[in-house]
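entry_29.pdb follows; it contains PDB, C-alpha atoms, pLDDT in the B column.
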```
ATOM      1  CA  MET A 155       0.000   0.000   0.000  1.00 41.00           C
ATOM      2  CA  LYS A 156       1.401   3.385  -1.015  1.00 43.00           C
ATOM      3  CA  ARG A 157       0.790   6.549   0.971  1.00 41.00           C
ATOM      4  CA  TYR A 158       0.585   9.969  -0.611  1.00 42.00           C
ATOM      5  CA  LEU A 159       0.213  13.235   1.233  1.00 39.00           C
ATOM      6  CA  ILE A 160      -2.152  15.672  -0.468  1.00 37.00           C
ATOM      7  CA  PRO A 161      -2.473  19.105   1.178  1.00 36.00           C
ATOM      8  CA  SER A 162      -3.376  18.165   4.757  1.00 35.00           C
ATOM      9  CA  VAL A 163      -5.244  15.035   3.643  1.00 33.00           C
ATOM     10  CA  LEU A 164      -3.717  11.562   3.834  1.00 32.00           C
ATOM     11  CA  CYS A 165      -4.847   9.272   1.013  1.00 34.00           C
ATOM     12  CA  LEU A 166      -4.228   5.567   0.905  1.00 33.00           C
ATOM     13  CA  LEU A 167      -3.972   3.968  -2.500  1.00 31.00           C
ATOM     14  CA  SER A 168      -3.837   0.211  -2.875  1.00 30.00           C
ATOM     15  CA  ALA A 169      -2.036  -1.651  -5.638  1.00 30.00           C
ATOM     16  CA  THR A 170      -5.332  -2.923  -7.010  1.00 30.00           C
ATOM     17  CA  ALA A 171      -7.407  -0.179  -8.566  1.00 32.00           C
ATOM     18  CA  PRO A 172     -11.194  -0.534  -8.876  1.00 36.00           C
ATOM     19  CA  ALA A 173     -12.556  -1.853 -12.141  1.00 40.00           C
ATOM     20  CA  ALA A 174     -13.004   0.857 -14.730  1.00 51.00           C
ATOM     21  CA  ASP A 175     -16.426   1.826 -16.000  1.00 76.00           C
ATOM     22  CA  ARG A 176     -17.422   0.408 -19.349  1.00 89.00           C
ATOM     23  CA  SER A 177     -18.193   2.799 -22.175  1.00 93.00           C
ATOM     24  CA  MET A 178     -20.338   1.644 -25.056  1.00 94.00           C
ATOM     25  CA  LEU A 179     -22.417   2.903 -27.926  1.00 96.00           C
ATOM     26  CA  ALA A 180     -26.139   2.856 -27.183  1.00 96.00           C
ATOM     27  CA  ARG A 181     -29.367   3.659 -28.984  1.00 96.00           C
ATOM     28  CA  VAL A 182     -31.323   5.605 -26.367  1.00 96.00           C
ATOM     29  CA  THR A 183     -35.090   5.395 -26.689  1.00 94.00           C
ATOM     30  CA  VAL A 184     -37.846   6.691 -24.388  1.00 93.00           C
ATOM     31  CA  TYR A 185     -40.975   5.288 -22.770  1.00 91.00           C
ATOM     32  CA  TRP A 186     -43.567   6.819 -20.476  1.00 90.00           C
ATOM     33  CA  ALA A 187     -46.183   5.860 -17.908  1.00 88.00           C
ATOM     34  CA  SER A 188     -49.163   7.925 -18.978  1.00 78.00           C
ATOM     35  CA  GLY A 189     -50.489   5.468 -21.525  1.00 68.00           C
ATOM     36  CA  GLY A 190     -50.549   5.222 -25.286  1.00 68.00           C
ATOM     37  CA  SER A 191     -48.124   3.229 -27.395  1.00 63.00           C
ATOM     38  CA  GLY A 192     -45.169   4.145 -25.148  1.00 59.00           C
ATOM     39  CA  SER A 193     -46.320   2.004 -22.238  1.00 68.00           C
ATOM     40  CA  ASP A 194     -47.865  -1.306 -21.296  1.00 76.00           C
ATOM     41  CA  HIS A 195     -49.964  -2.426 -18.298  1.00 80.00           C
ATOM     42  CA  TRP A 196     -46.908  -2.756 -16.014  1.00 81.00           C
ATOM     43  CA  THR A 197     -45.443   0.601 -16.988  1.00 82.00           C
ATOM     44  CA  ARG A 198     -48.776   2.417 -16.485  1.00 81.00           C
ATOM     45  CA  ASN A 199     -48.811   0.983 -12.946  1.00 84.00           C
ATOM     46  CA  HIS A 200     -45.154   2.038 -12.420  1.00 85.00           C
ATOM     47  CA  ILE A 201     -43.958  -1.559 -11.942  1.00 85.00           C
ATOM     48  CA  ALA A 202     -40.407  -2.391 -13.104  1.00 88.00           C
ATOM     49  CA  ALA A 203     -39.191  -5.867 -14.062  1.00 85.00           C
ATOM     50  CA  SER A 204     -36.754  -5.964 -11.142  1.00 85.00           C
ATOM     51  CA  GLY A 205     -39.346  -4.914  -8.564  1.00 85.00           C
ATOM     52  CA  PRO A 206     -38.959  -1.216  -7.672  1.00 89.00           C
ATOM     53  CA  ARG A 207     -41.512   1.424  -8.546  1.00 91.00           C
ATOM     54  CA  LEU A 208     -40.637   3.176 -11.833  1.00 92.00           C
ATOM     55  CA  ARG A 209     -39.743   6.847 -11.521  1.00 93.00           C
ATOM     56  CA  ILE A 210     -37.699   9.531 -13.263  1.00 94.00           C
ATOM     57  CA  GLY A 211     -34.053   8.436 -13.352  1.00 95.00           C
ATOM     58  CA  HIS A 212     -34.803   4.800 -14.217  1.00 95.00           C
ATOM     59  CA  CYS A 213     -34.151   3.001 -17.480  1.00 95.00           C
ATOM     60  CA  ALA A 214     -34.785  -0.332 -19.165  1.00 94.00           C
ATOM     61  CA  VAL A 215     -31.791  -2.420 -20.281  1.00 95.00           C
ATOM     62  CA  ASP A 216     -30.945  -5.932 -21.390  1.00 94.00           C
ATOM     63  CA  PRO A 217     -30.041  -7.605 -18.052  1.00 94.00           C
ATOM     64  CA  ARG A 218     -27.716 -10.027 -19.881  1.00 93.00           C
ATOM     65  CA  LYS A 219     -25.480  -7.099 -20.853  1.00 93.00           C
ATOM     66  CA  ILE A 220     -26.140  -4.565 -18.070  1.00 93.00           C
ATOM     67  CA  PRO A 221     -27.129  -5.960 -14.641  1.00 93.00           C
ATOM     68  CA  TYR A 222     -30.047  -4.453 -12.730  1.00 93.00           C
ATOM     69  CA  GLY A 223     -28.924  -1.755 -10.328  1.00 93.00           C
ATOM     70  CA  SER A 224     -26.115  -0.544 -12.606  1.00 94.00           C
ATOM     71  CA  ARG A 225     -25.613   3.180 -13.090  1.00 95.00           C
ATOM     72  CA  VAL A 226     -25.931   4.235 -16.734  1.00 95.00           C
ATOM     73  CA  THR A 227     -24.408   7.664 -17.315  1.00 95.00           C
ATOM     74  CA  LEU A 228     -25.667   9.633 -20.304  1.00 94.00           C
ATOM     75  CA  PRO A 229     -24.214  13.032 -21.234  1.00 93.00           C
ATOM     76  CA  ASP A 230     -27.013  14.809 -19.311  1.00 93.00           C
ATOM     77  CA  ALA A 231     -28.041  12.376 -16.543  1.00 94.00           C
ATOM     78  CA  THR A 232     -27.231   9.240 -14.596  1.00 95.00           C
ATOM     79  CA  LEU A 233     -29.899   6.543 -14.654  1.00 96.00           C
ATOM     80  CA  ILE A 234     -30.422   3.330 -12.677  1.00 95.00           C
ATOM     81  CA  ALA A 235     -31.102   0.130 -14.643  1.00 95.00           C
ATOM     82  CA  VAL A 236     -34.278  -1.415 -13.184  1.00 94.00           C
ATOM     83  CA  ASP A 237     -36.469  -2.517 -16.099  1.00 93.00           C
ATOM     84  CA  THR A 238     -36.366  -4.498 -19.326  1.00 92.00           C
ATOM     85  CA  GLY A 239     -38.529  -5.185 -22.338  1.00 88.00           C
ATOM     86  CA  SER A 240     -38.608  -7.345 -25.455  1.00 88.00           C
ATOM     87  CA  ALA A 241     -37.639  -4.460 -27.767  1.00 88.00           C
ATOM     88  CA  VAL A 242     -34.699  -3.630 -25.517  1.00 92.00           C
ATOM     89  CA  ARG A 243     -33.473  -7.236 -25.416  1.00 93.00           C
ATOM     90  CA  SER A 244     -33.851  -7.698 -29.168  1.00 92.00           C
ATOM     91  CA  ARG A 245     -32.189  -4.294 -29.860  1.00 93.00           C
ATOM     92  CA  ARG A 246     -34.921  -3.569 -32.380  1.00 91.00           C
ATOM     93  CA  ALA A 247     -34.450   0.225 -32.410  1.00 92.00           C
ATOM     94  CA  ALA A 248     -30.707  -0.081 -33.059  1.00 93.00           C
ATOM     95  CA  ARG A 249     -31.123  -2.675 -35.793  1.00 92.00           C
ATOM     96  CA  LEU A 250     -33.754  -0.611 -37.629  1.00 93.00           C
ATOM     97  CA  SER A 251     -32.327   2.910 -37.280  1.00 93.00           C
ATOM     98  CA  GLY A 252     -28.574   2.251 -37.340  1.00 93.00           C
ATOM     99  CA  ARG A 253     -26.722   3.584 -40.387  1.00 93.00           C
ATOM    100  CA  SER A 254     -23.421   1.788 -39.769  1.00 94.00           C
ATOM    101  CA  SER A 255     -22.615  -1.674 -38.470  1.00 94.00           C
ATOM    102  CA  ALA A 256     -21.480  -0.165 -35.155  1.00 94.00           C
ATOM    103  CA  GLU A 257     -24.865   1.554 -34.718  1.00 95.00           C
ATOM    104  CA  ARG A 258     -26.801  -1.563 -35.748  1.00 94.00           C
ATOM    105  CA  ASN A 259     -24.855  -3.581 -33.133  1.00 95.00           C
ATOM    106  CA  ALA A 260     -25.337  -1.002 -30.351  1.00 96.00           C
ATOM    107  CA  ILE A 261     -27.185  -1.848 -27.158  1.00 95.00           C
ATOM    108  CA  VAL A 262     -30.591  -0.263 -26.514  1.00 95.00           C
ATOM    109  CA  ILE A 263     -31.345   1.737 -23.373  1.00 96.00           C
ATOM    110  CA  ASP A 264     -34.948   2.824 -22.825  1.00 95.00           C
ATOM    111  CA  ARG A 265     -35.207   5.931 -20.604  1.00 95.00           C
ATOM    112  CA  PHE A 266     -38.337   6.286 -18.445  1.00 94.00           C
ATOM    113  CA  PHE A 267     -40.449   9.469 -18.259  1.00 93.00           C
ATOM    114  CA  GLU A 268     -43.752  10.188 -16.526  1.00 91.00           C
ATOM    115  CA  THR A 269     -45.477  11.750 -19.541  1.00 90.00           C
ATOM    116  CA  LYS A 270     -45.299  11.486 -23.294  1.00 90.00           C
ATOM    117  CA  ALA A 271     -44.586  15.220 -23.589  1.00 93.00           C
ATOM    118  CA  GLN A 272     -41.494  14.937 -21.369  1.00 93.00           C
ATOM    119  CA  ALA A 273     -40.280  11.876 -23.273  1.00 93.00           C
ATOM    120  CA  MET A 274     -40.739  13.395 -26.726  1.00 94.00           C
ATOM    121  CA  ALA A 275     -39.138  16.706 -25.704  1.00 96.00           C
ATOM    122  CA  TRP A 276     -36.031  14.881 -24.421  1.00 96.00           C
ATOM    123  CA  SER A 277     -35.930  12.702 -27.544  1.00 95.00           C
ATOM    124  CA  ARG A 278     -36.033  15.715 -29.885  1.00 96.00           C
ATOM    125  CA  ARG A 279     -33.174  17.487 -28.064  1.00 96.00           C
ATOM    126  CA  HIS A 280     -30.748  14.529 -27.984  1.00 95.00           C
ATOM    127  CA  PRO A 281     -29.134  12.287 -30.634  1.00 95.00           C
ATOM    128  CA  HIS A 282     -30.454   8.770 -31.086  1.00 94.00           C
ATOM    129  CA  PHE A 283     -27.037   7.160 -30.635  1.00 96.00           C
ATOM    130  CA  MET A 284     -24.631   8.208 -27.882  1.00 96.00           C
ATOM    131  CA  THR A 285     -21.747   6.798 -25.901  1.00 96.00           C
ATOM    132  CA  VAL A 286     -22.815   5.851 -22.385  1.00 95.00           C
ATOM    133  CA  ARG A 287     -20.804   4.791 -19.350  1.00 95.00           C
ATOM    134  CA  VAL A 288     -22.027   1.814 -17.341  1.00 95.00           C
ATOM    135  CA  SER A 289     -20.940   1.300 -13.726  1.00 93.00           C
ATOM    136  CA  SER A 290     -21.592  -1.993 -11.990  1.00 87.00           C
ATOM    137  CA  PRO A 291     -23.956  -1.897  -8.996  1.00 84.00           C
ATOM    138  CA  ASN A 292     -21.072  -3.116  -6.792  1.00 81.00           C
ATOM    139  CA  ASP A 293     -18.675  -0.337  -7.849  1.00 73.00           C
ATOM    140  CA  ARG A 294     -18.438   2.597  -5.504  1.00 64.00           C
ATOM    141  CA  PRO A 295     -17.228   5.953  -6.731  1.00 59.00           C
ATOM    142  CA  THR A 296     -13.655   6.644  -5.651  1.00 53.00           C
ATOM    143  CA  ASN A 297     -12.426   9.952  -4.297  1.00 50.00           C
ATOM    144  CA  THR A 298     -10.423  11.948  -6.774  1.00 46.00           C
ATOM    145  CA  PHE A 299      -8.060  14.750  -5.904  1.00 43.00           C
ATOM    146  CA  ALA A 300     -10.675  17.308  -6.958  1.00 46.00           C
ATOM    147  CA  GLN A 301     -13.297  15.768  -4.665  1.00 48.00           C
ATOM    148  CA  VAL A 302     -10.865  15.614  -1.721  1.00 45.00           C
ATOM    149  CA  SER A 303      -9.697  19.214  -2.177  1.00 43.00           C
ATOM    150  CA  THR A 304     -13.314  20.414  -2.510  1.00 44.00           C
ATOM    151  CA  LYS A 305     -14.216  18.714   0.774  1.00 46.00           C
ATOM    152  CA  THR A 306     -11.187  20.299   2.455  1.00 44.00           C
ATOM    153  CA  GLU A 307     -12.095  23.766   1.135  1.00 46.00           C
ATOM    154  CA  PHE A 308     -15.705  23.307   2.261  1.00 46.00           C
ATOM    155  CA  ALA A 309     -14.558  22.316   5.750  1.00 47.00           C
ATOM    156  CA  ALA A 310     -12.367  25.426   5.940  1.00 46.00           C
ATOM    157  CA  LYS A 311     -15.198  27.712   4.772  1.00 47.00           C
ATOM    158  CA  SER A 312     -17.828  26.151   7.034  1.00 47.00           C
ATOM    159  CA  THR A 313     -15.938  27.117  10.228  1.00 48.00           C
ATOM    160  CA  VAL A 314     -16.831  30.783   9.660  1.00 49.00           C
ATOM    161  CA  ALA A 315     -20.217  31.690  11.150  1.00 51.00           C
ATOM    162  CA  GLN A 316     -22.567  32.497   8.321  1.00 52.00           C
ATOM    163  CA  PRO A 317     -26.217  33.523   8.457  1.00 53.00           C
ATOM    164  CA  VAL A 318     -28.712  30.741   7.884  1.00 51.00           C
ATOM    165  CA  ARG A 319     -32.093  31.282   6.249  1.00 50.00           C
ATOM    166  CA  ARG A 320     -34.812  29.085   7.689  1.00 50.00           C
ATOM    167  CA  PHE A 321     -38.442  29.380   6.688  1.00 51.00           C
ATOM    168  CA  GLY A 322     -37.831  32.813   5.217  1.00 54.00           C
ATOM    169  CA  VAL A 323     -36.354  34.206   8.467  1.00 54.00           C
ATOM    170  CA  LEU A 324     -32.683  35.150   8.731  1.00 52.00           C
ATOM    171  CA  SER A 325     -31.090  33.730  11.891  1.00 50.00           C
ATOM    172  CA  ARG A 326     -27.594  33.100  13.250  1.00 50.00           C
TER     173      ARG A 326
END
```
Would you mind writing the file out in structure tokens?
Amino acid sequence: MKRYLIPSVLCLLSATAPAADRSMLARVTVYWASGGSGSDHWTRNHIAASGPRLRIGHCAVDPRKIPYGSRVTLPDATLIAVDTGSAVRSRRAARLSGRSSAERNAIVIDRFFETKAQAMAWSRRHPHFMTVRVSSPNDRPTNTFAQVSTKTEFAAKSTVAQPVRRFGVLSR
């Protein structure tokens, strides 16, 4: 185990680093709970394949490629993989809309929204294919130098008495 001293913070680094996140090309589609062709009986009742109640921040994946509970990081959000579906497993959207062999072989991630309007607005603003980062459910984020120094700076700033606003009233 190696020890490094970073401005007043002692960090221990082991010889074995945590497994790196996987990056992959994905066709990101959308589905919603409010009915219509974007949802089925289970989705309208907010029931995911893995058990939890569906909510914003969840997505459907192929559990053979991305295990349930994994964090899927898109350019604008981080989602939790909790659901699946036949179109996701068969990669239908990627096979039909892909222009190159890489796009046709991409995985499909189906992002959950509460309403059709939210889903369609997000879909119009973002590309169909994007590189996503997948973190295993067992991986924990590691502290980087930036995170450690930010915590140290926050601790130094928080020792100064500052006014606190509670319920619209300024108090000390």
Ground truth for the PyMOL selection byres ((chain A and resi 223-240) around 9), written as a ChimeraX atom specification: /A:201-206,208,210-217,220-222,241-246,263-265,284-293
Computed interatomic separation between atom CA of A:Arg253 and atom CA of A:His282 (Å): 11.3 Å
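Relative to atom CA of A:Glu257, atom CA of A:Trp196 is found at 29.2 Å.
For the choices A:Arg278, A:His195, A:Lys270, A:Arg258, the atom-to-atom distance to A:Ala180 is smallest for A:Arg258 when using only C-alpha atoms.
For the atom pair formed by atom CA of A:Arg218 and atom CA of A:Ser277, the distance is 25.4 Å, given to one decimal.
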If you take every atom of stretch 241-254 of chain A that the file lists and fit an axis-aligned box around them with 4 Å extra on each side, what centre and edge lengths come out in Å to one decimal, as AutoDock Vina command-line options?
```
--center_x -30.5 --center_y -2.1 --center_z -32.9 --size_x 22.2 --size_y 19.3 --size_z 23.0
```
Take the PyMOL selection byres ((chain A and resi 198) around 12), run it mentally on this structure, and tell me the resulting residues as a compact mmCIF listing (two decimals) with C-alpha atoms, in the frame of the given file.
```txt
# COMPACT_ATOMS: atom_id res chain seq x y z
CA TYR A 185 -40.98 5.29 -22.77
CA TRP A 186 -43.57 6.82 -20.48
CA ALA A 187 -46.18 5.86 -17.91
CA SER A 188 -49.16 7.92 -18.98
CA GLY A 189 -50.49 5.47 -21.52
CA GLY A 190 -50.55 5.22 -25.29
CA SER A 191 -48.12 3.23 -27.40
CA GLY A 192 -45.17 4.14 -25.15
CA SER A 193 -46.32 2.00 -22.24
CA ASP A 194 -47.86 -1.31 -21.30
CA HIS A 195 -49.96 -2.43 -18.30
CA TRP A 196 -46.91 -2.76 -16.01
CA THR A 197 -45.44 0.60 -16.99
CA ASN A 199 -48.81 0.98 -12.95
CA HIS A 200 -45.15 2.04 -12.42
CA ILE A 201 -43.96 -1.56 -11.94
CA ALA A 202 -40.41 -2.39 -13.10
CA ARG A 207 -41.51 1.42 -8.55
CA LEU A 208 -40.64 3.18 -11.83
CA ARG A 209 -39.74 6.85 -11.52
CA PHE A 266 -38.34 6.29 -18.44
CA PHE A 267 -40.45 9.47 -18.26
CA GLU A 268 -43.75 10.19 -16.53
CA THR A 269 -45.48 11.75 -19.54
CA LYS A 270 -45.30 11.49 -23.29
```
